[in-house]
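> Got input37.cif for you, mmCIF, C-alpha atoms:
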```
data_work
#
loop_
_atom_site.label_atom_id
_atom_site.label_comp_id
_atom_site.auth_asym_id
_atom_site.auth_seq_id
_atom_site.Cartn_x
_atom_site.Cartn_y
_atom_site.Cartn_z
CA MET A 1 106.96 94.15 45.14
CA ALA A 2 103.84 95.55 46.76
CA LEU A 3 102.75 92.29 48.32
CA LYS A 4 106.11 91.78 49.96
CA GLU A 5 105.97 95.31 51.27
CA ARG A 6 102.58 94.68 52.81
CA ASN A 7 103.79 91.41 54.19
CA ASN A 8 106.55 93.09 56.13
CA GLN A 9 104.18 95.72 57.36
CA ALA A 10 101.82 93.02 58.55
CA PHE A 11 104.60 91.26 60.35
CA GLY A 12 105.68 94.53 61.89
CA PHE A 13 102.20 94.92 63.27
CA LEU A 14 102.33 91.38 64.68
CA TYR A 15 105.65 92.24 66.28
CA ASP A 16 104.41 95.48 67.81
CA ASN A 17 101.43 93.71 69.31
CA TYR A 18 103.09 90.70 70.78
CA ALA A 19 106.78 91.43 71.32
CA GLY A 20 106.23 92.85 74.82
CA ALA A 21 104.22 89.87 76.03
CA LEU A 22 106.62 87.34 74.49
CA TYR A 23 109.71 89.16 75.74
CA SER A 24 108.19 89.04 79.20
CA ILE A 25 108.02 85.22 79.19
CA ILE A 26 111.54 85.01 77.76
CA ARG A 27 112.85 87.26 80.52
CA GLN A 28 111.08 85.15 83.11
CA ILE A 29 113.01 82.11 81.89
CA ILE A 30 116.33 83.71 80.96
CA THR A 31 116.54 85.85 84.03
CA ASN A 32 120.06 87.13 84.13
CA ASN A 33 121.09 87.94 80.58
CA ASP A 34 119.25 90.72 78.75
CA GLU A 35 121.32 90.42 75.63
CA LEU A 36 120.67 86.70 75.32
CA ALA A 37 116.95 87.27 75.97
CA GLY A 38 116.92 89.78 73.08
CA ASP A 39 118.56 87.17 70.81
CA VAL A 40 115.94 84.64 71.81
CA LEU A 41 113.14 87.10 71.02
CA GLN A 42 114.64 87.60 67.58
CA GLU A 43 114.87 83.85 67.05
CA VAL A 44 111.27 83.45 68.24
CA PHE A 45 109.90 85.92 65.71
CA ILE A 46 111.92 84.40 62.88
CA ASN A 47 110.50 81.02 63.89
CA ILE A 48 106.98 82.41 63.97
CA TRP A 49 107.54 83.76 60.47
CA ARG A 50 108.91 80.47 59.18
CA LYS A 51 106.43 78.17 60.85
CA ILE A 52 103.30 80.27 60.48
CA GLU A 53 101.87 77.76 58.00
CA THR A 54 101.99 75.05 60.66
CA TYR A 55 99.84 77.04 63.07
CA ASP A 56 96.59 75.13 63.54
CA GLN A 57 93.86 77.32 64.95
CA THR A 58 91.72 74.36 66.00
CA LYS A 59 94.38 73.59 68.60
CA GLY A 60 94.44 77.00 70.18
CA ARG A 61 94.76 80.73 69.83
CA LEU A 62 97.61 82.33 67.91
CA PHE A 63 98.97 83.84 71.10
CA THR A 64 99.05 80.45 72.84
CA TRP A 65 101.02 79.06 69.91
CA MET A 66 103.48 81.97 69.95
CA LEU A 67 103.79 81.85 73.74
CA ASN A 68 104.75 78.19 73.56
CA ILE A 69 107.31 78.89 70.83
CA ALA A 70 108.80 81.60 73.05
CA ARG A 71 108.81 79.37 76.12
CA ASN A 72 110.37 76.42 74.29
CA ALA A 73 113.04 78.57 72.67
CA SER A 74 113.92 80.10 76.04
CA ILE A 75 114.17 76.73 77.75
CA ASP A 76 116.27 75.32 74.90
CA THR A 77 118.63 78.26 75.32
CA LEU A 78 118.72 77.75 79.08
CA ARG A 79 119.77 74.15 78.51
CA SER A 80 122.24 74.77 75.71
CA LYS A 81 125.88 73.99 76.38
CA SER A 82 127.06 77.53 75.77
CA TYR A 83 124.59 78.94 78.25
CA GLN A 84 125.45 76.31 80.84
CA ASN A 85 129.13 77.11 80.43
CA SER A 86 128.55 80.81 80.83
CA GLN A 87 126.63 80.12 84.00
CA LYS A 88 129.40 77.98 85.49
CA ASN A 89 131.49 81.07 85.97
CA GLN A 90 128.73 82.63 87.99
CA GLU A 91 127.51 79.87 90.25
CA LEU A 92 128.22 76.29 91.12
CA PRO A 93 125.14 74.87 92.78
CA ASP A 94 125.44 71.63 94.79
CA ASN A 95 122.36 70.32 93.11
CA VAL A 96 119.76 71.50 90.66
CA TYR A 97 117.16 72.20 93.31
CA LYS A 98 119.41 74.50 95.24
CA GLY A 99 120.29 76.27 92.02
CA VAL A 100 116.62 76.82 91.34
CA ALA A 101 116.06 78.04 94.87
CA ASN A 102 118.82 80.61 94.40
CA GLN A 103 117.30 81.84 91.20
CA THR A 104 113.90 82.01 92.80
CA THR A 105 115.10 84.56 95.30
CA GLN A 106 116.79 86.45 92.54
CA LEU A 107 113.57 86.49 90.52
CA ASN A 108 111.56 87.90 93.36
CA ILE A 109 113.53 91.08 92.87
CA ASP A 110 112.41 91.65 89.31
CA ASN A 111 108.92 90.38 89.69
CA ILE A 112 107.40 90.32 86.24
CA GLY A 113 104.51 88.77 84.33
CA LEU A 114 103.24 85.38 85.38
CA LYS A 115 105.83 85.15 88.13
CA LYS A 116 103.97 87.85 89.99
CA VAL A 117 100.87 85.64 89.98
CA LEU A 118 102.99 82.67 90.97
CA GLU A 119 103.91 84.52 94.16
CA LYS A 120 100.40 83.90 95.40
CA LEU A 121 100.76 80.11 95.30
CA LYS A 122 101.86 77.98 98.24
CA PRO A 123 105.65 77.50 98.20
CA GLU A 124 105.41 73.74 97.61
CA HIS A 125 103.20 74.40 94.58
CA ARG A 126 105.22 77.34 93.36
CA VAL A 127 108.49 75.47 93.21
CA LEU A 128 106.90 72.76 91.05
CA VAL A 129 105.50 75.26 88.56
CA GLU A 130 108.87 77.00 88.51
CA LEU A 131 110.64 73.75 87.67
CA ALA A 132 108.10 72.57 85.12
CA TYR A 133 107.06 75.77 83.38
CA PHE A 134 110.05 78.07 83.73
CA LYS A 135 112.85 75.47 83.79
CA GLY A 136 111.26 72.96 81.46
CA PHE A 137 111.81 69.86 83.59
CA THR A 138 109.55 66.90 82.90
CA HIS A 139 107.28 65.62 85.63
CA GLU A 140 109.52 62.53 85.92
CA GLU A 141 112.65 64.64 86.38
CA ILE A 142 110.93 66.72 89.04
CA ALA A 143 109.69 63.63 90.89
CA GLU A 144 113.24 62.31 91.04
CA MET A 145 114.77 65.66 91.91
CA MET A 146 112.37 66.39 94.73
CA ALA A 147 112.01 62.75 95.82
CA ILE A 148 108.22 62.82 95.68
CA PRO A 149 105.97 60.37 93.81
CA LEU A 150 105.23 61.16 90.15
CA GLY A 151 101.47 61.14 90.83
CA THR A 152 101.92 63.79 93.52
CA VAL A 153 103.97 65.98 91.19
CA LYS A 154 101.29 65.77 88.54
CA THR A 155 98.43 66.49 90.95
CA ARG A 156 100.22 69.40 92.59
CA ILE A 157 101.12 71.00 89.27
CA ARG A 158 97.58 70.69 88.00
CA ASN A 159 96.18 72.15 91.20
CA ALA A 160 98.69 74.95 91.04
CA LEU A 161 97.67 75.75 87.45
CA LEU A 162 93.99 75.76 88.42
CA GLN A 163 94.77 78.27 91.16
CA LEU A 164 96.87 80.29 88.73
CA ARG A 165 93.85 80.44 86.42
CA GLU A 166 91.79 81.95 89.24
CA TYR A 167 94.44 84.58 89.91
CA LEU A 168 94.60 85.53 86.22
CA LYS A 169 90.95 86.56 86.21
CA MET B 1 84.83 60.35 82.02
CA ASN B 2 82.52 63.10 83.15
CA LEU B 3 83.29 66.27 81.14
CA GLN B 4 82.99 68.56 84.16
CA ASP B 5 85.49 66.44 86.11
CA TYR B 6 87.78 66.45 83.11
CA ILE B 7 87.58 70.26 82.88
CA ALA B 8 88.16 70.58 86.63
CA SER B 9 91.20 68.29 86.50
CA GLY B 10 93.51 71.07 85.31
CA ILE B 11 94.11 69.43 81.91
CA ILE B 12 93.09 72.61 80.04
CA GLU B 13 95.69 74.74 81.81
CA SER B 14 98.26 71.99 81.52
CA TYR B 15 97.65 71.67 77.76
CA VAL B 16 97.58 75.37 77.00
CA MET B 17 100.75 76.06 78.98
CA GLY B 18 102.57 73.21 77.25
CA LEU B 19 102.92 71.03 80.36
CA ALA B 20 100.79 68.08 79.23
CA SER B 21 102.47 64.84 78.18
CA GLU B 22 102.21 63.53 74.61
CA SER B 23 99.39 61.13 75.48
CA GLU B 24 97.54 63.76 77.48
CA ARG B 25 97.79 66.15 74.53
CA ALA B 26 96.44 63.57 72.11
CA GLU B 27 93.57 62.73 74.44
CA PHE B 28 92.77 66.41 75.01
CA GLU B 29 92.72 67.18 71.29
CA GLN B 30 90.39 64.27 70.68
CA MET B 31 88.10 65.39 73.50
CA CYS B 32 88.09 68.91 72.02
CA ALA B 33 86.98 67.54 68.67
CA GLU B 34 84.11 65.83 70.46
CA TYR B 35 83.02 68.46 72.99
CA PRO B 36 82.60 72.11 71.94
CA ALA B 37 82.08 72.97 75.62
CA LEU B 38 85.66 71.88 76.29
CA VAL B 39 86.92 74.07 73.44
CA ALA B 40 84.99 76.99 74.90
CA GLU B 41 86.61 76.44 78.29
CA ARG B 42 90.04 76.18 76.69
CA ARG B 43 89.44 79.43 74.82
CA LYS B 44 88.39 81.14 78.03
CA PHE B 45 91.63 80.19 79.71
CA GLU B 46 93.67 81.13 76.64
CA GLU B 47 92.00 84.51 76.57
CA SER B 48 92.66 85.23 80.21
CA LEU B 49 96.28 84.14 79.78
CA GLU B 50 96.65 86.37 76.74
CA HIS B 51 94.87 89.22 78.44
CA TYR B 52 97.18 88.95 81.41
CA ALA B 53 100.32 88.69 79.27
CA ALA B 54 99.26 91.63 77.11
CA GLY B 55 98.65 93.63 80.26
CA HIS B 56 102.09 92.85 81.70
CA PRO B 57 104.54 93.34 78.83
CA VAL B 58 108.29 93.87 79.15
CA GLN B 59 109.73 96.34 76.68
CA PRO B 60 112.17 94.45 74.44
CA PRO B 61 115.41 96.01 73.15
CA SER B 62 114.47 98.20 70.19
CA GLU B 63 117.09 96.75 67.83
CA VAL B 64 115.38 93.35 67.82
CA LYS B 65 112.52 94.53 65.61
CA VAL B 66 114.92 96.02 63.08
CA LYS B 67 116.93 92.78 62.94
CA VAL B 68 113.84 90.61 62.63
CA LEU B 69 112.42 92.66 59.75
CA LYS B 70 115.79 92.67 58.01
CA ILE B 71 116.07 88.88 58.14
CA ILE B 72 112.50 88.46 56.93
CA THR B 73 113.09 90.79 54.01
CA MET B 74 116.19 88.81 53.11
CA GLU B 75 114.27 85.53 53.23
CA ASN B 76 111.55 87.09 51.11
CA SER B 77 113.95 88.07 48.37
CA LYS B 78 115.50 84.59 48.53
CA SER B 79 112.09 83.09 47.95
CA SER B 80 111.56 85.55 45.10
CA LYS B 81 114.71 84.25 43.45
CA ASN B 82 113.66 80.66 43.99
CA GLU B 83 110.37 81.45 42.41
CA LYS B 84 112.11 82.19 39.12
CA SER B 85 113.68 78.75 39.04
CA SER B 86 110.84 76.73 40.48
CA GLY B 87 108.14 78.64 38.67
CA ASN B 88 104.59 78.72 39.93
CA VAL B 89 104.99 76.39 42.92
CA GLY B 90 107.35 78.73 44.76
CA TRP B 91 105.18 81.71 43.95
CA MET B 92 102.07 79.92 45.20
CA ARG B 93 103.80 78.99 48.44
CA PHE B 94 104.82 82.58 48.91
CA VAL B 95 101.27 83.81 48.31
CA ALA B 96 99.96 81.19 50.73
CA ALA B 97 102.38 82.31 53.43
CA ALA B 98 101.50 85.93 52.79
CA SER B 99 97.79 85.27 53.09
CA VAL B 100 98.28 83.36 56.34
CA ILE B 101 100.15 86.35 57.72
CA ILE B 102 97.43 88.72 56.58
CA VAL B 103 94.75 86.56 58.21
CA ILE B 104 96.74 86.50 61.42
CA VAL B 105 97.28 90.21 61.38
CA MET B 106 93.59 90.73 60.83
CA ALA B 107 92.95 88.43 63.78
CA ALA B 108 95.42 90.44 65.83
CA MET B 109 93.77 93.69 64.76
CA TYR B 110 90.40 92.22 65.52
CA TYR B 111 91.65 91.20 68.93
CA HIS B 112 93.10 94.64 69.44
CA VAL B 113 89.88 96.36 68.42
CA SER B 114 87.65 94.01 70.39
CA GLU B 115 89.93 94.56 73.37
CA GLN B 116 89.40 98.32 73.04
CA ASN B 117 85.74 97.68 72.53
CA ARG B 118 85.61 95.64 75.69
CA THR B 119 87.25 98.48 77.61
CA ILE B 120 84.78 100.95 76.17
CA ILE B 121 81.85 98.70 77.05
CA GLU B 122 83.21 98.34 80.58
CA GLN B 123 83.57 102.11 80.91
CA ASN B 124 80.11 102.54 79.50
CA LYS B 125 78.72 100.14 82.07
CA ASP B 126 80.46 102.07 84.82
CA LEU B 127 79.09 105.34 83.53
CA SER B 128 75.57 104.08 83.19
CA SER B 129 75.58 102.65 86.69
CA THR B 130 76.89 105.98 88.00
CA ASN B 131 74.16 107.59 85.98
CA ASP B 132 71.54 105.32 87.54
CA ARG B 133 72.84 106.14 90.99
CA LEU B 134 72.73 109.86 90.28
CA LYS B 135 69.26 109.57 88.83
CA GLU B 136 68.12 107.69 91.90
CA ARG B 137 69.56 110.37 94.14
CA LEU B 138 67.97 113.06 92.02
CA ASP B 139 64.60 111.32 92.30
CA THR B 140 64.91 111.17 96.08
CA THR B 141 65.94 114.79 96.22
CA GLN B 142 63.10 115.74 93.90
CA SER B 143 60.51 113.96 96.03
CA THR B 144 61.89 115.57 99.20
CA LEU B 145 61.71 118.91 97.50
CA ASP B 146 58.17 118.25 96.28
CA ARG B 147 57.16 117.39 99.82
CA ILE B 148 58.71 120.56 101.19
CA VAL B 149 57.04 122.68 98.53
CA GLN B 150 53.73 120.99 99.19
CA GLU B 151 54.09 121.44 102.94
CA GLN B 152 54.99 125.05 102.43
CA SER B 153 52.02 125.68 100.16
CA VAL B 154 49.62 124.00 102.59
CA VAL B 155 50.96 125.81 105.62
CA SER B 156 50.93 129.20 103.89
CA ASP B 157 47.66 128.66 102.01
CA PRO B 158 45.18 131.39 103.13
CA ASN B 159 42.34 128.95 102.55
CA ALA B 160 43.87 126.37 104.87
CA LEU B 161 42.23 126.02 108.16
CA VAL B 162 44.59 124.98 110.90
CA VAL B 163 43.06 122.69 113.47
CA ASN B 164 45.10 122.09 116.54
CA MET B 165 44.39 118.60 117.76
CA VAL B 166 44.68 118.43 121.55
CA GLY B 167 45.01 115.38 123.75
CA THR B 168 42.12 113.82 125.57
CA THR B 169 42.06 112.45 129.12
CA VAL B 170 43.05 109.04 127.69
CA ALA B 171 46.07 110.51 125.99
CA PRO B 172 46.77 113.99 127.37
CA ARG B 173 50.05 114.45 125.57
CA SER B 174 49.00 113.52 122.06
CA SER B 175 49.08 116.32 119.60
CA ALA B 176 48.87 116.87 115.86
CA ASN B 177 47.93 119.57 113.43
CA ILE B 178 45.35 119.31 110.71
CA TYR B 179 45.45 121.61 107.71
CA TRP B 180 42.13 121.58 105.98
CA ASP B 181 41.81 123.41 102.76
CA SER B 182 38.11 124.09 102.58
CA ALA B 183 38.42 125.38 98.98
CA ASN B 184 39.72 122.17 97.46
CA THR B 185 38.67 119.92 100.37
CA SER B 186 42.21 118.55 100.93
CA VAL B 187 43.16 117.41 104.39
CA TYR B 188 46.77 117.31 105.59
CA LEU B 189 48.02 116.05 108.92
CA VAL B 190 51.25 116.78 110.73
CA VAL B 191 52.11 114.51 113.65
CA LYS B 192 53.65 116.56 116.42
CA ASN B 193 53.65 114.07 119.22
CA MET B 194 51.79 110.81 119.10
CA PRO B 195 52.82 107.89 121.37
CA LYS B 196 54.23 104.86 119.55
CA LEU B 197 51.77 102.02 119.00
CA PRO B 198 52.15 98.25 118.94
CA SER B 199 52.80 97.06 115.38
CA ASP B 200 49.27 95.74 114.91
CA LYS B 201 47.71 99.14 115.71
CA GLN B 202 47.50 102.40 113.76
CA TYR B 203 46.05 105.82 114.33
CA GLN B 204 42.97 106.72 112.32
CA LEU B 205 41.75 110.20 111.51
CA TRP B 206 38.05 110.95 111.38
CA ALA B 207 36.03 113.92 110.31
CA LEU B 208 32.92 114.41 112.39
CA ILE B 209 30.08 115.59 110.21
CA ASP B 210 26.74 116.21 111.88
CA GLY B 211 27.78 113.87 114.67
CA LYS B 212 28.76 111.08 112.28
CA PRO B 213 32.37 109.99 111.81
CA LYS B 214 33.88 109.85 108.33
CA ASP B 215 37.10 107.89 107.77
CA LEU B 216 39.99 110.10 106.57
CA GLY B 217 42.71 107.41 106.58
CA VAL B 218 45.30 105.89 108.88
CA PHE B 219 48.81 106.95 109.91
CA ASP B 220 51.63 105.93 112.23
CA ALA B 221 53.33 107.70 115.09
CA THR B 222 56.59 107.29 113.17
CA ASP B 223 55.34 109.60 110.42
CA GLU B 224 56.51 112.40 112.65
CA LYS B 225 57.31 115.86 111.25
CA VAL B 226 56.19 115.06 107.73
CA ILE B 227 53.04 116.32 106.19
CA LEU B 228 50.59 113.53 105.37
CA LYS B 229 47.95 113.84 102.73
CA MET B 230 44.73 112.36 104.15
CA LYS B 231 41.42 111.70 102.41
CA ASN B 232 39.46 114.75 101.31
CA THR B 233 36.36 115.95 103.04
CA GLN B 234 34.00 118.75 102.12
CA LYS B 235 32.53 119.05 105.56
CA ALA B 236 33.83 118.64 109.07
CA GLN B 237 32.72 120.16 112.31
CA ALA B 238 35.55 118.44 114.12
CA PHE B 239 38.40 116.02 113.60
CA ALA B 240 39.20 113.09 115.85
CA ILE B 241 42.04 110.61 116.11
CA THR B 242 41.49 107.12 117.48
CA ILE B 243 43.60 103.97 117.83
CA GLU B 244 42.36 101.20 115.60
CA ASN B 245 43.65 97.87 114.33
CA LYS B 246 46.18 98.16 111.57
CA GLY B 247 44.58 99.25 108.32
CA GLY B 248 41.78 101.16 110.04
CA SER B 249 38.18 100.44 111.05
CA PRO B 250 34.91 101.37 109.38
CA SER B 251 33.75 103.16 112.55
CA PRO B 252 35.81 104.67 115.37
CA ASP B 253 36.37 103.16 118.77
CA LEU B 254 35.68 106.34 120.67
CA LYS B 255 36.88 104.85 123.94
CA LYS B 256 40.33 105.17 122.45
CA LEU B 257 39.89 108.72 121.32
CA GLN B 258 43.34 110.17 121.39
CA SER B 259 42.94 113.64 120.12
CA MET B 260 40.20 115.92 119.10
CA GLY B 261 39.95 119.30 117.45
CA LYS B 262 37.01 121.44 116.48
CA THR B 263 36.91 123.48 113.32
CA MET B 264 35.94 127.07 113.81
CA VAL B 265 33.77 127.14 110.78
CA THR B 266 30.46 125.47 110.99
CA GLN B 267 29.45 124.15 107.65
#
```
What would you get if you wrote out this structure as structure tokens?

Amino acid sequence: MALKERNNQAFGFLYDNYAGALYSIIRQIITNNDELAGDVLQEVFINIWRKIETYDQTKGRLFTWMLNIARNASIDTLRSKSYQNSQKNQELPDNVYKGVANQTTQLNIDNIGLKKVLEKLKPEHRVLVELAYFKGFTHEEIAEMMAIPLGTVKTRIRNALLQLREYLK
Amino acid sequence: MNLQDYIASGIIESYVMGLASESERAEFEQMCAEYPALVAERRKFEESLEHYAAGHPVQPPSEVKVKVLKIITMENSKSSKNEKSSGNVGWMRFVAAASVIIVIVMAAMYYHVSEQNRTIIEQNKDLSSTNDRLKERLDTTQSTLDRIVQEQSVVSDPNALVVNMVGTTVAPRSSANIYWDSANTSVYLVVKNMPKLPSDKQYQLWALIDGKPKDLGVFDATDEKVILKMKNTQKAQAFAITIENKGGSPSPDLKKLQSMGKTMVTQ
């Protein structure tokens, strides 16, 4: 069927244009497993294909929508039981924060995408963005984890994002 | 709440990056429906985020694309089969999905093209500013050249009468040259050595015709080594330079006569 043919071509074009940018965010979240990151990218594009009708352009650009799908899928994978189990063999952090700190140093080695911009933030801001954006912790979880008031977490994250915006320009 | 404060609060970034809470999202979407300026700001941030992400891609494993397209093709044929059983509804849904994809791809292509366009416009801007700079330099060079050519033609003009202006007792060291082209009445002056004046004073050149001074214009000591075009005169038995108030005087203050030169020709 000609229409179907065109459809696939169109989707191929979408893939060619956005796969690199989306794979970058996936790799920034799933930092130590290329194969898994590739699987997540595949899942992300299938989800984009399936959910394309739910995309509402009044709420944002297509890329924003796809970026959030990629981020959410990566974080879900990071939190899945199978991933957690596979990580246990590699490291046993005393607490979550220390685990994050370890990964932060590891990430500095392959400095990609937004993380490169993040480098410019103050450490106390950077760690909060890391936890919220790249690890998917809620503000409440972060407040508890870091033993700082919820209001402070929120303010610091917002300030950090405003600075990030400046660096993106 | 003041819209500017709301924009400056970081809510846009928080919303776009998926870090806003449910209630914050709902509030933001409502605000967007009300204030187009907020939507414009959101778009700006989204664009810079997209621009940055597109500029910093990571090459994915090549087999992913193949797998994705294979799964999509499979799902397509499944929906084709369904369409036989469910009739028009399934078909319509498929067409709807296809048209959404096509719209998105067109948007992506548009983005791609406008991105290229933006680059071209940027490059164009760069080029035209370089062009302006070059043109400016060319203009300066041209005017320097014109001056040199003019100087040369005056100095070598057989009609030009060279009057060596010598210092007076008031100013023994002052000196300048006058080139007077008696054919076309042009007068040129070259400052050789004139003492610097206070900023409210200027030198003034006079032609003395039958004992009466005629104003030929003012100049500064700093105009050294360039050839100055003064006012024309048909007659002159002598030239004189005086110090006058800035802008010149209608008649010379001969007490301040700095330099004087007689023409050889008596008109």
> Would you give me, as CSV, each residue of chain A having an atom within 8 Å of an atom of chain B, along with its shortest atom pair and that distance in Å to one decimal, using only C-alpha atoms and sorting by chain and residue number?

```
residue,atom,partner,partner_atom,distance
A:Leu3,CA,B:Ala98,CA,7.9
A:Lys4,CA,B:Asn76,CA,7.3
A:Asn7,CA,B:Ala98,CA,6.1
A:Asn8,CA,B:Leu69,CA,6.9
A:Ala10,CA,B:Val105,CA,6.0
A:Phe11,CA,B:Ile101,CA,7.1
A:Gly12,CA,B:Leu69,CA,7.3
A:Phe13,CA,B:Val105,CA,7.1
A:Leu14,CA,B:Val105,CA,6.1
A:Tyr15,CA,B:Lys65,CA,7.3
A:Asn17,CA,B:Ala108,CA,7.7
A:Tyr18,CA,B:Ala54,CA,7.5
A:Ala19,CA,B:Pro60,CA,6.9
A:Gly20,CA,B:Pro57,CA,4.4
A:Ala21,CA,B:Pro57,CA,4.5
A:Leu22,CA,B:Pro57,CA,7.7
A:Tyr23,CA,B:Pro60,CA,6.0
A:Ser24,CA,B:Val58,CA,4.8
A:Gly38,CA,B:Pro61,CA,6.4
A:Asp39,CA,B:Val64,CA,7.6
A:Leu41,CA,B:Val64,CA,7.4
A:Gln42,CA,B:Val64,CA,5.8
A:Phe45,CA,B:Val68,CA,6.9
A:Ile46,CA,B:Val68,CA,6.5
A:Trp49,CA,B:Ile72,CA,7.7
A:Ile52,CA,B:Val100,CA,7.2
A:Glu53,CA,B:Ala97,CA,6.5
A:Lys59,CA,B:Glu29,CA,7.1
A:Gly60,CA,B:Arg43,CA,7.2
A:Arg61,CA,B:Glu46,CA,6.9
A:Leu62,CA,B:Ile104,CA,7.8
A:Phe63,CA,B:Glu50,CA,6.6
A:Thr64,CA,B:Glu46,CA,6.6
A:Asn68,CA,B:Gly18,CA,6.6
A:Ile112,CA,B:His56,CA,7.4
A:Gly113,CA,B:His56,CA,5.4
A:Leu114,CA,B:Ala53,CA,7.5
A:Ala132,CA,B:Leu19,CA,7.2
A:Tyr133,CA,B:Leu19,CA,7.0
A:Arg158,CA,B:Gly10,CA,4.9
A:Asn159,CA,B:Gly10,CA,6.6
A:Leu161,CA,B:Glu13,CA,6.1
A:Leu162,CA,B:Gly10,CA,5.6
A:Arg165,CA,B:Phe45,CA,7.1
A:Leu168,CA,B:Ser48,CA,6.3
A:Lys169,CA,B:Ser48,CA,6.4
```
> Could you state the separation of CA of Gly217 (chain B) and CA of Pro158 (chain B) in Å, given to one decimal place?
24.4 Å
> Which residue is closest to Ile69 (chain A)? Choose from A:Lys115, A:Lys51, A:Lys154, A:Arg126 and count all atoms listed in the file.
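Comparing A:Lys115, A:Lys51, A:Lys154, A:Arg126 against Ile69 (chain A), the winner is A:Lys51.
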> Restricting the calculation to all atoms listed in the file, which member of A:Val44, A:Leu164, A:Leu67, A:Val153 is positioned closest to Thr138 (chain A)?
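Selected residue with least distance to Thr138 (chain A): A:Val153.
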> One decimal, in Å: what's the spacing between CA of Asp157 (chain B) and CA of Tyr179 (chain B)?
9.3 Å
> I'd like the contact shell of region 116-121 of chain A - 9 Å cut-off, only C-alpha atoms, skipping same-chain residues fewer than 5 positions apart - returned as a CSV table (one decimal) with C-alpha atoms, in the coordinates of the input.

```csv
chain,number,residue,atom,x,y,z
A,108,ASN,CA,111.6,87.9,93.4
A,111,ASN,CA,108.9,90.4,89.7
A,126,ARG,CA,105.2,77.3,93.4
A,129,VAL,CA,105.5,75.3,88.6
A,130,GLU,CA,108.9,77.0,88.5
A,160,ALA,CA,98.7,75.0,91.0
A,163,GLN,CA,94.8,78.3,91.2
A,164,LEU,CA,96.9,80.3,88.7
A,167,TYR,CA,94.4,84.6,89.9
A,168,LEU,CA,94.6,85.5,86.2
```
> Calculate how many Å separate CA of Ile25 (chain A) from CA of Lys135 (chain A), rounding to one decimal.
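Going from CA of Ile25 (chain A) over to CA of Lys135 (chain A) covers 11.8 Å.
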> At a cut-off of 12 Å around the point (110.8, 66.6, 97.7) (file coordinates), what residues fall inside when counting only C-alpha atoms? I'd like the answer as a PyMOL selection string.
chain A and resi 97-98+124-125+127-128+141-150+152-153
> Identify, on the basis of all atoms listed in the file, every residue whose closest approach to Leu205 (chain B) does not exceed 12 Å; exclude the query and any residue fewer than 3 positions from it along the same chain; express the result as JSON, numbers by chain.
{"B": [165, 176, 177, 178, 187, 188, 189, 190, 191, 202, 208, 213, 214, 215, 216, 217, 218, 219, 220, 228, 229, 230, 231, 232, 233, 236, 238, 239, 240, 241, 242, 243, 244, 247, 248, 249, 250, 251, 252, 253, 254, 257, 258, 259, 260, 261]}
> Step by step, work through what the PyMOL selection byres ((chain A and resi 74) around 8) selects in the shown file, and finish by giving those residues as a ChimeraX atom specification.
/A:26,29-30,37,40,70-73,75-78
> Would you mind completing region 31-41 of chain B to N, CA and C atoms and writing the output as a PDB file, in the coordinates of the input?

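File part-v1.pdb, as written:
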```
ATOM      1  N   MET B  31      89.261  64.947  72.704  1.00  0.00           N
ATOM      2  CA  MET B  31      88.100  65.390  73.500  1.00  0.00           C
ATOM      3  C   MET B  31      87.562  66.728  72.957  1.00  0.00           C
ATOM      4  N   CYS B  32      88.490  67.608  72.560  1.00  0.00           N
ATOM      5  CA  CYS B  32      88.090  68.910  72.020  1.00  0.00           C
ATOM      6  C   CYS B  32      87.281  68.742  70.741  1.00  0.00           C
ATOM      7  N   ALA B  33      87.692  67.777  69.927  1.00  0.00           N
ATOM      8  CA  ALA B  33      86.980  67.540  68.670  1.00  0.00           C
ATOM      9  C   ALA B  33      85.557  67.058  68.962  1.00  0.00           C
ATOM     10  N   GLU B  34      85.411  66.398  70.117  1.00  0.00           N
ATOM     11  CA  GLU B  34      84.110  65.830  70.460  1.00  0.00           C
ATOM     12  C   GLU B  34      83.218  66.824  71.211  1.00  0.00           C
ATOM     13  N   TYR B  35      83.833  67.604  72.114  1.00  0.00           N
ATOM     14  CA  TYR B  35      83.020  68.460  72.990  1.00  0.00           C
ATOM     15  C   TYR B  35      83.310  69.942  72.797  1.00  0.00           C
ATOM     16  N   PRO B  36      82.407  70.653  72.131  1.00  0.00           N
ATOM     17  CA  PRO B  36      82.600  72.110  71.940  1.00  0.00           C
ATOM     18  C   PRO B  36      82.698  72.849  73.278  1.00  0.00           C
ATOM     19  N   ALA B  37      82.038  72.316  74.305  1.00  0.00           N
ATOM     20  CA  ALA B  37      82.080  72.970  75.620  1.00  0.00           C
ATOM     21  C   ALA B  37      83.514  72.999  76.149  1.00  0.00           C
ATOM     22  N   LEU B  38      84.263  71.951  75.845  1.00  0.00           N
ATOM     23  CA  LEU B  38      85.660  71.880  76.290  1.00  0.00           C
ATOM     24  C   LEU B  38      86.491  72.926  75.547  1.00  0.00           C
ATOM     25  N   VAL B  39      86.211  73.059  74.238  1.00  0.00           N
ATOM     26  CA  VAL B  39      86.920  74.070  73.440  1.00  0.00           C
ATOM     27  C   VAL B  39      86.624  75.466  73.993  1.00  0.00           C
ATOM     28  N   ALA B  40      85.371  75.681  74.352  1.00  0.00           N
ATOM     29  CA  ALA B  40      84.990  76.990  74.900  1.00  0.00           C
ATOM     30  C   ALA B  40      85.743  77.281  76.189  1.00  0.00           C
ATOM     31  N   GLU B  41      85.874  76.275  77.038  1.00  0.00           N
ATOM     32  CA  GLU B  41      86.610  76.440  78.290  1.00  0.00           C
ATOM     33  C   GLU B  41      88.086  76.717  78.018  1.00  0.00           C
TER      34      GLU B  41
END
```
